[in-house]
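Have a look at protein.txt below; it lists compact mmCIF, C-alpha atoms.
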# COMPACT_ATOMS: atom_id res chain seq x y z
CA MET A 1 90.68 119.48 118.98
CA LEU A 2 92.06 116.00 118.24
CA ASN A 3 89.47 113.33 117.54
CA LEU A 4 90.66 109.70 117.51
CA GLN A 5 87.87 108.59 115.19
CA GLN A 6 88.75 111.27 112.63
CA ILE A 7 92.48 110.50 112.95
CA PHE A 8 91.76 106.80 112.41
CA SER A 9 89.56 107.51 109.37
CA VAL A 10 92.09 109.88 107.81
CA THR A 11 94.99 107.50 108.50
CA LEU A 12 93.23 104.50 106.95
CA THR A 13 92.05 106.49 103.95
CA LEU A 14 95.53 107.82 103.22
CA PHE A 15 97.08 104.40 103.89
CA ALA A 16 94.83 102.87 101.23
CA VAL A 17 95.54 105.62 98.70
CA ILE A 18 99.30 105.83 99.29
CA ASP A 19 99.50 102.01 99.17
CA ILE A 20 103.14 101.82 100.24
CA ILE A 21 102.86 98.04 100.52
CA GLY A 22 101.80 97.87 96.87
CA SER A 23 104.76 100.08 95.98
CA ILE A 24 107.33 97.65 97.38
CA PRO A 25 108.23 96.27 93.91
CA ILE A 26 108.83 99.79 92.61
CA ILE A 27 110.85 100.69 95.72
CA ILE A 28 113.02 97.62 95.17
CA GLN A 29 113.42 98.48 91.48
CA ILE A 30 114.52 102.04 92.31
CA ARG A 31 116.92 100.77 94.96
CA GLN A 32 118.45 98.30 92.52
CA ARG A 33 118.80 100.97 89.83
CA GLU A 34 120.29 103.63 92.09
CA GLY A 35 122.00 101.53 94.72
CA GLN A 36 120.03 102.97 97.62
CA ILE A 37 116.81 104.61 98.73
CA LYS A 38 117.16 107.77 100.76
CA ALA A 39 114.30 106.96 103.13
CA GLU A 40 114.58 110.16 105.14
CA LEU A 41 114.67 112.38 102.05
CA ALA A 42 111.77 110.59 100.35
CA THR A 43 109.66 110.74 103.51
CA ILE A 44 110.38 114.42 104.17
CA VAL A 45 109.71 115.44 100.55
CA ALA A 46 106.48 113.40 100.45
CA GLY A 47 105.37 114.92 103.76
CA CYS A 48 106.13 118.46 102.61
CA LEU A 49 104.23 117.87 99.37
CA MET A 50 101.21 116.50 101.23
CA VAL A 51 101.10 119.33 103.75
CA ALA A 52 101.67 121.98 101.07
CA PHE A 53 98.94 120.51 98.89
CA LEU A 54 96.61 120.24 101.89
CA PHE A 55 96.89 124.00 102.39
CA LEU A 56 97.46 125.24 98.82
CA GLY A 57 96.20 122.49 96.51
CA GLN A 58 92.83 123.89 95.54
CA SER A 59 94.30 127.36 94.98
CA ILE A 60 97.14 125.99 92.82
CA LEU A 61 94.74 124.01 90.67
CA HIS A 62 92.46 127.03 90.26
CA LEU A 63 95.43 129.25 89.44
CA PHE A 64 96.26 127.04 86.47
CA GLY A 65 92.63 126.48 85.57
CA VAL A 66 92.88 122.76 86.30
CA ASP A 67 89.95 120.92 87.80
CA ASN A 68 90.22 117.90 90.11
CA GLU A 69 89.19 115.52 87.33
CA SER A 70 91.97 116.69 85.00
CA PHE A 71 94.47 116.41 87.80
CA ALA A 72 93.30 112.87 88.55
CA LEU A 73 93.58 111.96 84.84
CA ALA A 74 97.17 113.20 84.73
CA GLY A 75 97.94 111.01 87.73
CA ALA A 76 96.20 108.09 86.02
CA VAL A 77 98.51 108.42 83.01
CA ILE A 78 101.59 108.29 85.25
CA ILE A 79 100.23 105.33 87.22
CA PHE A 80 99.38 103.54 83.95
CA LEU A 81 102.92 104.00 82.60
CA ILE A 82 104.50 102.82 85.85
CA GLY A 83 102.24 99.75 85.73
CA LEU A 84 103.39 99.06 82.17
CA GLU A 85 107.02 99.33 83.28
CA MET A 86 106.40 96.77 86.00
CA ILE A 87 104.59 94.26 83.80
CA LEU A 88 106.69 94.55 80.65
CA GLY A 89 110.04 94.99 82.36
CA VAL A 90 110.85 98.09 80.30
CA GLU A 91 112.11 101.46 81.46
CA LEU A 92 109.85 104.30 80.35
CA PHE A 93 111.04 106.77 82.96
CA LYS A 94 114.74 107.15 82.19
CA SER A 95 116.87 108.04 85.16
CA ASP A 96 120.21 109.76 85.37
CA LEU A 97 122.20 107.39 87.55
CA THR A 98 124.56 110.19 88.57
CA ALA A 99 121.71 112.38 89.82
CA SER A 100 120.32 109.89 92.38
CA THR A 101 116.89 111.47 92.24
CA GLY A 102 114.87 108.24 92.51
CA SER A 103 114.11 108.97 96.15
CA ILE A 104 112.29 112.10 95.03
CA VAL A 105 111.01 111.21 91.54
CA PRO A 106 109.22 108.80 91.17
CA LEU A 107 109.24 107.72 94.84
CA ALA A 108 108.18 110.78 96.87
CA PHE A 109 106.28 112.06 93.85
CA PRO A 110 104.16 110.55 92.28
CA LEU A 111 104.19 107.18 94.10
CA ILE A 112 103.77 108.33 97.69
CA THR A 113 102.30 111.77 97.04
CA GLY A 114 100.62 111.42 93.69
CA ALA A 115 97.42 112.69 92.18
CA GLY A 116 95.38 110.17 94.18
CA THR A 117 96.90 111.29 97.48
CA MET A 118 96.54 114.96 96.60
CA THR A 119 92.91 114.74 95.52
CA THR A 120 92.18 112.63 98.61
CA LEU A 121 93.70 115.34 100.79
CA LEU A 122 91.38 117.90 99.19
CA SER A 123 88.41 115.64 99.96
CA LEU A 124 89.57 115.01 103.52
CA ARG A 125 89.96 118.74 104.09
CA ALA A 126 86.26 119.15 103.37
CA ALA A 127 85.25 116.39 105.81
CA TYR A 128 87.70 116.52 108.74
CA THR A 129 89.45 119.09 110.88
CA LEU A 130 92.95 120.17 109.95
CA PRO A 131 94.79 118.89 113.09
CA ASN A 132 93.32 115.41 112.61
CA ILE A 133 94.36 115.34 108.95
CA LEU A 134 97.90 116.42 109.88
CA VAL A 135 98.17 113.64 112.49
CA GLY A 136 96.89 111.15 109.89
CA ILE A 137 99.54 112.33 107.43
CA MET A 138 102.26 111.98 110.07
CA LEU A 139 101.18 108.44 111.01
CA ASN A 140 101.30 107.42 107.34
CA LEU A 141 104.73 108.98 106.92
CA VAL A 142 106.05 106.93 109.85
CA PHE A 143 104.85 103.75 108.13
CA VAL A 144 106.21 104.89 104.75
CA TYR A 145 109.59 105.58 106.33
CA ALA A 146 109.65 102.12 107.95
CA VAL A 147 108.91 100.40 104.63
CA LEU A 148 111.52 102.46 102.78
CA LYS A 149 114.15 101.88 105.45
CA THR A 150 113.57 98.11 105.50
CA SER A 151 113.41 97.69 101.70
CA PRO A 152 116.76 95.83 101.51
CA TRP A 153 115.51 93.34 104.11
CA ILE A 154 112.17 92.98 102.28
CA GLU A 155 114.02 92.36 99.02
CA ARG A 156 116.17 89.63 100.62
CA LYS A 157 113.08 87.93 102.06
CA LEU A 158 111.23 88.03 98.73
CA GLY A 159 114.10 86.77 96.59
CA LYS A 160 114.33 87.32 92.83
CA ALA A 161 111.35 85.09 91.95
CA GLY A 162 109.13 86.62 94.64
CA GLU A 163 110.14 90.10 93.54
CA ASP A 164 109.29 89.36 89.88
CA VAL A 165 105.89 87.91 90.79
CA LEU A 166 105.10 90.78 93.16
CA ARG A 167 106.20 93.38 90.59
CA ARG A 168 103.95 91.95 87.87
CA VAL A 169 100.95 91.44 90.17
CA PHE A 170 101.15 94.99 91.47
CA GLY A 171 101.79 96.22 87.92
CA VAL A 172 98.41 94.79 86.93
CA ILE A 173 96.84 96.37 90.03
CA LEU A 174 98.36 99.75 89.09
CA LEU A 175 96.94 99.41 85.57
CA ALA A 176 93.52 98.63 87.06
CA ILE A 177 93.76 101.67 89.36
CA ALA A 178 94.75 103.85 86.39
CA ILE A 179 91.81 102.59 84.33
CA LYS A 180 89.47 103.17 87.28
CA LEU A 181 90.74 106.77 87.50
CA PHE A 182 90.23 107.18 83.74
CA LYS A 183 86.67 105.86 83.95
CA ALA A 184 85.78 107.95 86.99
CA ASN A 185 87.17 111.21 85.59
CA PHE A 186 86.79 111.01 81.83
Rendering of file as structure tokens:
Amino acid sequence: MLNLQQIFSVTLTLFAVIDIIGSIPIIIQIRQREGQIKAELATIVAGCLMVAFLFLGQSILHLFGVDNESFALAGAVIIFLIGLEMILGVELFKSDLTASTGSIVPLAFPLITGAGTMTTLLSLRAAYTLPNILVGIMLNLVFVYAVLKTSPWIERKLGKAGEDVLRRVFGVILLAIAIKLFKANF
């Protein structure tokens, strides 16, 4: 049933793809813009999206006639634009401050559960057993929740200068990831 090696592999793979540590500058930016991050809501929505896509992802893509490469390219465009926002200090994704939806969009989707996470889940489904993938998802969600919940503390420790440097560095990394996705799927 449960296999620790598979759980470890799934957990590490998803941890690398979700890259919640690399998303800290975006999390801080969303928290500053909206006043708070709803850690529980973001974690639950991201978890539901991951589990739903694990079970239904391939069928949904086939239903719309979308292949994995096209899906990955769409995710690359979003990642590229978020990277530009971080580097240039502009706001491309306008938010309605009264709606307080930042915990869902762009945090739960596409940052935590984006095209990279979804396509990775499809790949993991082909290589590992379902219970081990579900445990790996849950372990990642615990870590995601911890980072989201402690984002005010992380922001205080970084300070304004540290936050600016981190945001720009990870903006460049996001651009590089987007370009890698373009190259791999175009």
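The space separating atom CA of A:Ser59 from atom CA of A:Pro106 comes to 24.1 Å.
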Please build the interface table for stretch 51-92 of chain A against stretch 128-146 of chain A with a cut-off of 10 Å, listing for each qualifying residue the nearest atom pair and the distance in Å to one decimal; count all atoms listed in the file, order rows by chain and increasing number, and write it as a tab-separated table.
residue	atom	partner	partner_atom	distance
A:Val51	CA	A:Leu134	CA	7.5
A:Leu54	CA	A:Leu130	CA	8.9
A:Phe55	CA	A:Leu130	CA	9.3
Report task. For A:Phe182, list every protein, DNA or RNA residue within 10 Å, evaluated using only C-alpha atoms, and leave out those in the same chain fewer than 5 positions away; present the list as a ChimeraX atom specification. Result -> /A:69-70,72-77,80,176-177
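By all atoms listed in the file, and with residues fewer than 5 positions from A:Leu122 along its chain excluded, the set lying at most 10 Å from it is A:Phe53, A:Leu54, A:Phe55, A:Leu56, A:Gly57, A:Gln58, A:Asn68, A:Thr117, A:Ala127.
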Output file for the selection above: C-alpha atoms, as a compact mmCIF listing (two decimals), in the frame of the given file:
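What follows is the written file out.txt:
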# COMPACT_ATOMS: atom_id res chain seq x y z
CA PHE A 53 98.94 120.51 98.89
CA LEU A 54 96.61 120.24 101.89
CA PHE A 55 96.89 124.00 102.39
CA LEU A 56 97.46 125.24 98.82
CA GLY A 57 96.20 122.49 96.51
CA GLN A 58 92.83 123.89 95.54
CA ASN A 68 90.22 117.90 90.11
CA THR A 117 96.90 111.29 97.48
CA ALA A 127 85.25 116.39 105.81
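Atom CA of A:Val105 to atom CA of A:Ala46 spans 10.2 Å [interatomic distance, one decimal].
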Query raised in the report: Could you state the separation of atom CA of A:Ser103 and atom CA of A:His62 in Å, given to one decimal place?
Result: 28.8 Å
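The environment of A:Leu166 within 9 Å, counting only C-alpha atoms and disregarding residues fewer than 6 places along the same chain, consists of Gly22, Ile24, Pro25 and Leu158 of chain A.
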Go ahead and save the picked residues with C-alpha atoms, as a PDB file, in the frame of the given file.
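As a result, selection.pdb now contains:
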ATOM      1  CA  GLY A  22     101.800  97.870  96.870  1.00  0.00           C
ATOM      2  CA  ILE A  24     107.330  97.650  97.380  1.00  0.00           C
ATOM      3  CA  PRO A  25     108.230  96.270  93.910  1.00  0.00           C
ATOM      4  CA  LEU A 158     111.230  88.030  98.730  1.00  0.00           C
TER       5      LEU A 158
END
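Compared by their closest atoms to A:Leu111, and using only C-alpha atoms, the residues A:Ile79, A:Ile21, A:Leu14, A:Val172 rank with A:Ile79 nearest.
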Query raised in the report: Once you count all atoms listed in the file, which residues end up no further than 10 Å from (104.1, 110.4, 95.8) in the file's frame, shown as a ChimeraX atom specification?
Result: /A:18,20,42-43,45-47,49-50,104-118
Just the selected residues (C-alpha atoms), exported as a JSON list (two decimals), keeping the file's coordinate frame, please.
[["chain", "number", "residue", "atom", "x", "y", "z"],
["A", 18, "ILE", "CA", 99.30, 105.83, 99.29],
["A", 20, "ILE", "CA", 103.14, 101.82, 100.24],
["A", 42, "ALA", "CA", 111.77, 110.59, 100.35],
["A", 43, "THR", "CA", 109.66, 110.74, 103.51],
["A", 45, "VAL", "CA", 109.71, 115.44, 100.55],
["A", 46, "ALA", "CA", 106.48, 113.40, 100.45],
["A", 47, "GLY", "CA", 105.37, 114.92, 103.76],
["A", 49, "LEU", "CA", 104.23, 117.87, 99.37],
["A", 50, "MET", "CA", 101.21, 116.50, 101.23],
["A", 104, "ILE", "CA", 112.29, 112.10, 95.03],
["A", 105, "VAL", "CA", 111.01, 111.21, 91.54],
["A", 106, "PRO", "CA", 109.22, 108.80, 91.17],
["A", 107, "LEU", "CA", 109.24, 107.72, 94.84],
["A", 108, "ALA", "CA", 108.18, 110.78, 96.87],
["A", 109, "PHE", "CA", 106.28, 112.06, 93.85],
["A", 110, "PRO", "CA", 104.16, 110.55, 92.28],
["A", 111, "LEU", "CA", 104.19, 107.18, 94.10],
["A", 112, "ILE", "CA", 103.77, 108.33, 97.69],
["A", 113, "THR", "CA", 102.30, 111.77, 97.04],
["A", 114, "GLY", "CA", 100.62, 111.42, 93.69],
["A", 115, "ALA", "CA", 97.42, 112.69, 92.18],
["A", 116, "GLY", "CA", 95.38, 110.17, 94.18],
["A", 117, "THR", "CA", 96.90, 111.29, 97.48],
["A", 118, "MET", "CA", 96.54, 114.96, 96.60]]
Query raised in the report: Which neighbours of A:Leu175 fall inside 10 Å, counting all atoms listed in the file, when residues of the same chain fewer than 3 positions from it are skipped, and could you give them as a ChimeraX atom specification?
Result: /A:76-77,79-84,86-87,170-172,178-181
